[in-house]
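Beneath this line is the structure, given in structure tokens, with notes to follow.
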Amino acid sequence: MTRFLSSAAACAVAGGLAVGISTVAAHHSTTMFDHSKTLTVTGSVVELRWVNPHVSLAVDGTIKEKPDIGKAVWLMEMTSPGNLVRAGGWRRDAVKPGEQVEVVFSPLRDEEKKGGALKKLTVLATGEVFTANIREQEKPGLE
Amino acid sequence: MKIRSTALVISVLTFSAISISSAEGPKKAPAVINPPPTAQDWADLAKLPDWSGVWNPNISDQDKQVKTNPPPWNEQTARKIEQMFAEEKAGRPRLIFANCLPEAHPSWMLVTHNAMEILFTPGRVTLLGESDGNRLRRIYTDGRGHPDVSDPTFHGHSIGHWDGDTLVVDTVDILPQAPLAVSEAAGVPNNGDMRVVERIRLADKDVLHVDLEITAPKILTRPWKTTRVFFRQRARKFDIVEGVCAQGDLSERVDANGDHIFVPVKKTEWGNIEVSK
């Protein structure tokens, strides 16, 4: 899977994140995102990091609501793999690099930064939908 | 700043003095006998209630209790908590659970967003968490008391006994750095001498209640009671999965030699992944 990452995209996701403090972090609050808004990015998957405590998905695409931004890599975070499997129907291989997807997310409050909290992922080729609401696990009869 | 460093020097010197005096008359920790379990010990486990399966926390109830059941913070602590709530609301949530350390006891029970499982073995009840690294509680049910020698840990020293189908647990000797957290962005170190008593029982077929009574004289004006709710999905479709906290700070790559390696990603001061502009 990692071989499919183009070097440019890989830099943008891992190495090019030059600003910021490296602190090994467990769970954190999500108020750095504006949960009252959503944006939609349509494009190709760069990388799904299927990791604890927070899975992240990078998509190289354009924003429906802000077409003037142009093509760029957007980085969305969500909850842990276990929660995503139970509440959102995810699998580690839910998406692969290069696949065309549409992602609805709540953007970071810092609107200059291209990131957010993932709400819904749709795989365009199959129509498969994945959500990321941890409180969905509380639905009765989940199984 | 000058006052704080003087206080620090005094506390270091005091600690050194205490260490020296106790080194002169060392106390031996009494030997704890851990006999191999008998067939009867294993058979007796079958009489315990069924706590098997994947237990998920009721996060909505956690959210509710932030408003409906706040701890009785002392004045100084209440101000700190207020400030943390304000910062969180402003979009700058404090990262309480840094360094991938355990949420510790009792904050794991209070604010976890991840599942856990409960294992019964002779003389012990063991709780294992799914995420956030190192979430492991060992509750000794073999009749032992707390040790005489203090050796504080993240989850403390827990002893328990069964009162019918309720497990009653007493925990002491928790590290003073372990936070008492009411949310992922609001919590303070317990600062020592914290004691937690729990009554854990099935409230319904697939609902577990953990009734906690937390005594923390350095930060609370009186003991705080709260019930935390866990639920399981009975069709057993899901398993607990591995969760290595530090993996969240790494990306999988293949280097020039073809070796599969991890490379670090950057995080912000609030714990979320850093993104470019």
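By order in the structure tokens, chains are A, B, ...; within a chain, residues start at 1; ligands start at 1, following the order shown.
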Residue list for chain B near chain A as a PyMOL selection string, 7 Å, only C-alpha atoms: chain B and resi 58-60+88-89+91-93+95+97-100+114+131-132+184-185+233+235+237-238+241+243-249+251-254+265-271+274-277
Who sits within 10 Å of region 119-128 of chain B, only C-alpha atoms, same chain under 6 positions skipped, as a compact mmCIF listing (two decimals) with N, CA and C atoms, in the first residue's frame:
```txt
# COMPACT_ATOMS: atom_id res chain seq x y z
N ASN B 34 1.17 -16.39 46.10
CA ASN B 34 0.33 -16.59 44.92
C ASN B 34 0.33 -18.07 44.56
N PRO B 35 -0.49 -18.86 45.25
CA PRO B 35 -0.44 -20.30 44.99
C PRO B 35 -1.00 -20.62 43.61
N PRO B 36 -0.53 -21.70 43.00
CA PRO B 36 -1.13 -22.10 41.73
C PRO B 36 -2.61 -22.41 41.94
N PRO B 37 -3.45 -22.00 41.00
CA PRO B 37 -4.89 -22.27 41.20
C PRO B 37 -5.19 -23.75 41.14
N THR B 38 -6.18 -24.13 41.95
CA THR B 38 -6.63 -25.53 41.93
C THR B 38 -7.76 -25.67 40.92
N ALA B 39 -8.13 -26.89 40.64
CA ALA B 39 -9.26 -27.15 39.73
C ALA B 39 -10.52 -26.51 40.31
N GLN B 40 -10.64 -26.53 41.63
CA GLN B 40 -11.81 -25.93 42.28
C GLN B 40 -11.82 -24.42 42.07
N ASP B 41 -10.65 -23.79 42.14
CA ASP B 41 -10.56 -22.34 41.90
C ASP B 41 -11.10 -22.00 40.51
N TRP B 42 -10.72 -22.80 39.52
CA TRP B 42 -11.20 -22.55 38.15
C TRP B 42 -12.70 -22.81 38.06
N ALA B 43 -13.16 -23.87 38.73
CA ALA B 43 -14.59 -24.20 38.69
C ALA B 43 -15.41 -23.10 39.36
N ASP B 44 -14.85 -22.49 40.43
CA ASP B 44 -15.58 -21.44 41.16
C ASP B 44 -15.84 -20.21 40.28
N LEU B 45 -14.99 -20.00 39.27
CA LEU B 45 -15.19 -18.84 38.39
C LEU B 45 -16.52 -18.93 37.65
N ALA B 46 -16.98 -20.16 37.44
CA ALA B 46 -18.24 -20.34 36.70
C ALA B 46 -19.43 -19.81 37.49
N LEU B 48 -19.46 -16.95 38.97
CA LEU B 48 -19.49 -15.49 38.89
C LEU B 48 -20.43 -15.04 37.79
N ASP B 50 -21.76 -13.19 34.38
CA ASP B 50 -21.12 -13.15 33.06
C ASP B 50 -20.76 -11.72 32.68
N TRP B 51 -19.49 -11.41 32.81
CA TRP B 51 -19.01 -10.09 32.41
C TRP B 51 -18.16 -10.17 31.13
N SER B 52 -18.38 -11.24 30.37
CA SER B 52 -17.60 -11.42 29.15
C SER B 52 -18.05 -10.44 28.07
N GLY B 53 -17.27 -10.32 27.04
CA GLY B 53 -17.66 -9.50 25.89
C GLY B 53 -16.95 -8.16 25.85
N ASN B 134 -1.69 0.80 27.35
CA ASN B 134 -1.41 0.47 28.75
C ASN B 134 -2.58 0.61 29.69
N ARG B 135 -3.79 0.47 29.19
CA ARG B 135 -4.93 0.52 30.10
C ARG B 135 -5.15 -0.88 30.63
N LEU B 136 -4.70 -1.09 31.88
CA LEU B 136 -4.74 -2.42 32.47
C LEU B 136 -4.95 -2.27 33.97
N ARG B 137 -6.03 -2.85 34.47
CA ARG B 137 -6.26 -2.82 35.91
C ARG B 137 -6.28 -4.25 36.43
N ARG B 138 -5.50 -4.49 37.48
CA ARG B 138 -5.52 -5.80 38.13
C ARG B 138 -6.19 -5.62 39.49
N ILE B 139 -7.30 -6.30 39.68
CA ILE B 139 -8.02 -6.24 40.96
C ILE B 139 -7.84 -7.59 41.64
N TYR B 140 -7.16 -7.60 42.77
CA TYR B 140 -6.86 -8.86 43.47
C TYR B 140 -8.05 -9.25 44.34
N THR B 141 -8.58 -10.43 44.10
CA THR B 141 -9.74 -10.91 44.86
C THR B 141 -9.38 -12.12 45.70
N ASP B 142 -8.08 -12.28 46.01
CA ASP B 142 -7.66 -13.47 46.77
C ASP B 142 -7.60 -13.21 48.28
N GLY B 143 -8.18 -12.09 48.72
CA GLY B 143 -8.25 -11.83 50.15
C GLY B 143 -7.08 -11.03 50.70
N ARG B 144 -6.14 -10.67 49.86
CA ARG B 144 -4.99 -9.90 50.36
C ARG B 144 -5.42 -8.48 50.71
N SER B 158 -5.39 -2.34 43.69
CA SER B 158 -6.82 -2.62 43.86
C SER B 158 -7.05 -3.98 44.49
N ILE B 159 -7.88 -3.99 45.53
CA ILE B 159 -8.33 -5.27 46.11
C ILE B 159 -9.85 -5.28 46.08
N GLY B 160 -10.39 -6.47 45.84
CA GLY B 160 -11.85 -6.56 45.71
C GLY B 160 -12.40 -7.83 46.31
N HIS B 161 -13.70 -7.79 46.58
CA HIS B 161 -14.40 -8.99 47.02
C HIS B 161 -15.80 -8.95 46.43
N LEU B 167 -19.06 -6.62 42.50
CA LEU B 167 -17.64 -6.60 42.87
C LEU B 167 -17.36 -5.28 43.58
N ILE B 240 -12.37 -7.10 20.68
CA ILE B 240 -11.45 -6.03 21.10
C ILE B 240 -10.27 -6.07 20.12
```
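Across the structure, CA of Trp224 (chain B) and CA of Val149 (chain B) are spaced 26.7 Å apart.
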Using DSSP on the backbone coordinates, identify the residues of region 2-128 of chain A assigned to helix (DSSP H, G or I); present them as a PyMOL selection string. chain A and resi 2-4+7-15+67-69+81-88
In Å, rounded to a single decimal, give me how far CA of Ala181 (chain B) is from CA of Val111 (chain B).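 CA of Ala181 (chain B) lies 7.0 Å from CA of Val111 (chain B).
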So how many Å separate CA of Asn133 (chain A) and CA of Phe262 (chain B), to one decimal?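 According to the coordinates, CA of Asn133 (chain A) and CA of Phe262 (chain B) are separated by 28.2 Å.
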Top pick for closest residue to Thr40 (chain A), considering A:Val103, A:Ala58, A:Ala132, A:Ala125 and counting only C-alpha atoms: A:Val103
Considering only C-alpha atoms, return as a PDB file with C-alpha atoms, in the first residue's frame whatever protein or nucleic-acid residues lie within 7 Å of Gly88 (chain A), sequence-local ones (same chain, fewer than 4 positions apart) excluded.
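This is the output file out23.pdb:
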```pdb
ATOM      1  CA  LEU A  84     -14.974   2.928  13.596  1.00  0.00           C
ATOM      2  CA  PHE A 130     -18.676   5.024   6.167  1.00  0.00           C
ATOM      3  CA  THR A 131     -19.517   7.289   9.094  1.00  0.00           C
ATOM      4  CA  ALA A 132     -17.469   8.232  12.169  1.00  0.00           C
TER       5      ALA A 132
END
```
Near Ser44 (chain A), counting only C-alpha atoms, which residues have an atom at most 12 Å away, once you skip same-chain residues fewer than 4 positions from it, shown as an mmCIF file with C-alpha atoms, in the first residue's frame?
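See out28.cif below for the written result:
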```
data_model
loop_
_atom_site.group_PDB
_atom_site.id
_atom_site.type_symbol
_atom_site.label_atom_id
_atom_site.label_comp_id
_atom_site.auth_asym_id
_atom_site.auth_seq_id
_atom_site.Cartn_x
_atom_site.Cartn_y
_atom_site.Cartn_z
ATOM 1 C CA LEU A 5 1.991 6.979 -2.410
ATOM 2 C CA SER A 6 3.395 9.530 -4.770
ATOM 3 C CA ALA A 9 1.731 13.457 -1.560
ATOM 4 C CA LEU A 48 -5.567 6.029 5.398
ATOM 5 C CA LEU A 57 -7.445 10.070 6.066
ATOM 6 C CA ALA A 58 -5.645 12.253 3.533
ATOM 7 C CA VAL A 59 -7.507 13.148 0.332
ATOM 8 C CA ASP A 60 -6.069 15.058 -2.620
ATOM 9 C CA GLY A 61 -9.027 16.933 -4.052
ATOM 10 C CA THR A 62 -11.190 20.024 -4.339
ATOM 11 C CA LYS A 71 -6.704 20.902 -5.704
ATOM 12 C CA ALA A 72 -4.895 20.253 -2.427
ATOM 13 C CA VAL A 73 -4.299 17.552 0.174
ATOM 14 C CA TRP A 74 -6.846 17.653 3.034
ATOM 15 C CA VAL A 95 -10.311 2.712 1.086
ATOM 16 C CA LYS A 96 -7.063 2.345 -0.832
ATOM 17 C CA PRO A 97 -4.695 5.007 -2.124
ATOM 18 C CA GLY A 98 -5.845 6.288 -5.483
ATOM 19 C CA GLU A 99 -9.548 5.534 -4.947
ATOM 20 C CA GLN A 100 -11.986 8.351 -5.711
ATOM 21 C CA VAL A 101 -13.927 9.421 -2.643
ATOM 22 C CA GLU A 102 -16.180 12.148 -1.324
ATOM 23 C CA VAL A 103 -15.640 13.147 2.286
ATOM 24 C CA LEU A 121 -16.904 9.003 3.615
ATOM 25 C CA THR A 122 -18.399 7.780 0.321
ATOM 26 C CA VAL A 123 -16.434 5.561 -2.059
ATOM 27 C CA LEU A 124 -17.545 6.864 -5.454
ATOM 28 C CA ALA A 125 -17.024 3.661 -7.451
#
```
